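Visitor: Input: one structure, supplied below.
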Amino acid sequence: MKVAIKDLSVAMEVKNNGVEFEVYDNQDKFLGDMTVNKSGIVWCKGKTTLKNGVKVSWKDFMAWMES
């Protein structure tokens, strides 16, 4: 996997806009974007827009990771 920060113009504390990561497979095929913001994580597969992405709250994400 190759993961890169798309835009690094954020403050140290993650705010509403968050930080967006571009995700590629090992053959440099674009898989999607992951946005991390103060309300949780949003996965946008392929060219899916942020508003149509799959949203997961921090509470749900932590429960999933701890299970």
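Quick note on naming: the chains in the structure tokens go A, B, ... in the order shown, residues restart at 1 in each chain, and ligands are numbered from 1 in order of appearance.
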Leaving out stretch 32-35 of chain A and any residue of its chain fewer than 4 positions from it, which residues lie within 6 Å of it when counting only C-alpha atoms, given as a PyMOL selection string?

Guide: chain A and resi 19-23+41-46

Visitor: Give me the residues near A:Trp58 as a ChimeraX atom specification, where near means some atom within 9 Å (using only C-alpha atoms) and where sequence neighbours in that chain fewer than 6 positions away do not count.

Guide: /A:38-41

Visitor: How would the residues just chosen look if you wrote them out with C-alpha atoms as a short mmCIF file (atom, residue, chain, number, x, y, z; two decimals), in the first residue's frame?

Guide:
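To be explicit, this is the file written out as selection_2.cif:
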```cif
data_model
loop_
_atom_site.label_atom_id
_atom_site.label_comp_id
_atom_site.auth_asym_id
_atom_site.auth_seq_id
_atom_site.Cartn_x
_atom_site.Cartn_y
_atom_site.Cartn_z
CA LYS A 38 -12.50 15.59 14.59
CA SER A 39 -15.78 13.69 14.15
CA GLY A 40 -14.25 10.48 12.78
CA ILE A 41 -12.98 8.89 9.58
#
```

Visitor: Counting only C-alpha atoms, which of A:Val14, A:Trp64, A:Phe30, A:Val36 gets nearest to A:Thr48?

Guide: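 For A:Thr48, the nearest of the given residues is A:Phe30.
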
Visitor: Can you list, as a list in words, every residue of chain A that DSSP puts in helix (DSSP H, G or I)?

Guide: Leu50, Lys51, Asn52, Trp58, Lys59, Asp60, Phe61, Met62, Ala63, Trp64, Met65 and Glu66 of chain A

Visitor: Can you list, as a list in words, every residue of chain A that DSSP puts in strand (DSSP E)?

Guide: Lys2, Val3, Ala4, Ile5, Val19, Glu20, Phe21, Glu22, Val23, Tyr24, Phe30, Leu31, Gly32, Asp33, Met34, Thr35, Val36, Asn37, Gly40, Ile41, Val42, Trp43, Cys44, Lys45, Val54, Lys55, Val56 and Ser57 of chain A

Visitor: Would you mind exporting the chosen residues as a PDB file, in the first residue's frame, restricted to C-alpha atoms?

Guide:
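After the write, result-v3.pdb holds the following:
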```pdb
ATOM      1  CA  LYS A   2       1.089   3.538  -0.648  1.00  0.00           C
ATOM      2  CA  VAL A   3      -0.511   6.235   1.506  1.00  0.00           C
ATOM      3  CA  ALA A   4       0.245   9.935   1.025  1.00  0.00           C
ATOM      4  CA  ILE A   5      -1.025  13.124   2.647  1.00  0.00           C
ATOM      5  CA  VAL A  19      -6.413  15.603   6.925  1.00  0.00           C
ATOM      6  CA  GLU A  20      -6.945  13.785   3.639  1.00  0.00           C
ATOM      7  CA  PHE A  21      -4.840  10.782   2.619  1.00  0.00           C
ATOM      8  CA  GLU A  22      -4.574   9.357  -0.896  1.00  0.00           C
ATOM      9  CA  VAL A  23      -4.377   5.541  -0.901  1.00  0.00           C
ATOM     10  CA  TYR A  24      -2.774   3.518  -3.719  1.00  0.00           C
ATOM     11  CA  PHE A  30      -5.551   4.812  -6.959  1.00  0.00           C
ATOM     12  CA  LEU A  31      -7.898   3.123  -4.453  1.00  0.00           C
ATOM     13  CA  GLY A  32      -9.479   6.128  -2.757  1.00  0.00           C
ATOM     14  CA  ASP A  33      -9.154   8.855  -0.135  1.00  0.00           C
ATOM     15  CA  MET A  34      -9.349   8.627   3.641  1.00  0.00           C
ATOM     16  CA  THR A  35     -10.201  11.768   5.563  1.00  0.00           C
ATOM     17  CA  VAL A  36      -9.513  11.983   9.288  1.00  0.00           C
ATOM     18  CA  ASN A  37     -11.312  14.794  11.090  1.00  0.00           C
ATOM     19  CA  GLY A  40     -14.253  10.478  12.784  1.00  0.00           C
ATOM     20  CA  ILE A  41     -12.985   8.889   9.577  1.00  0.00           C
ATOM     21  CA  VAL A  42     -14.459   8.980   6.066  1.00  0.00           C
ATOM     22  CA  TRP A  43     -13.470   6.460   3.369  1.00  0.00           C
ATOM     23  CA  CYS A  44     -14.091   7.557  -0.226  1.00  0.00           C
ATOM     24  CA  LYS A  45     -13.543   4.595  -2.543  1.00  0.00           C
ATOM     25  CA  VAL A  54     -18.491   5.935   4.240  1.00  0.00           C
ATOM     26  CA  LYS A  55     -18.418   7.724   7.605  1.00  0.00           C
ATOM     27  CA  VAL A  56     -17.315   6.096  10.869  1.00  0.00           C
ATOM     28  CA  SER A  57     -17.384   7.906  14.215  1.00  0.00           C
TER      29      SER A  57
END
```
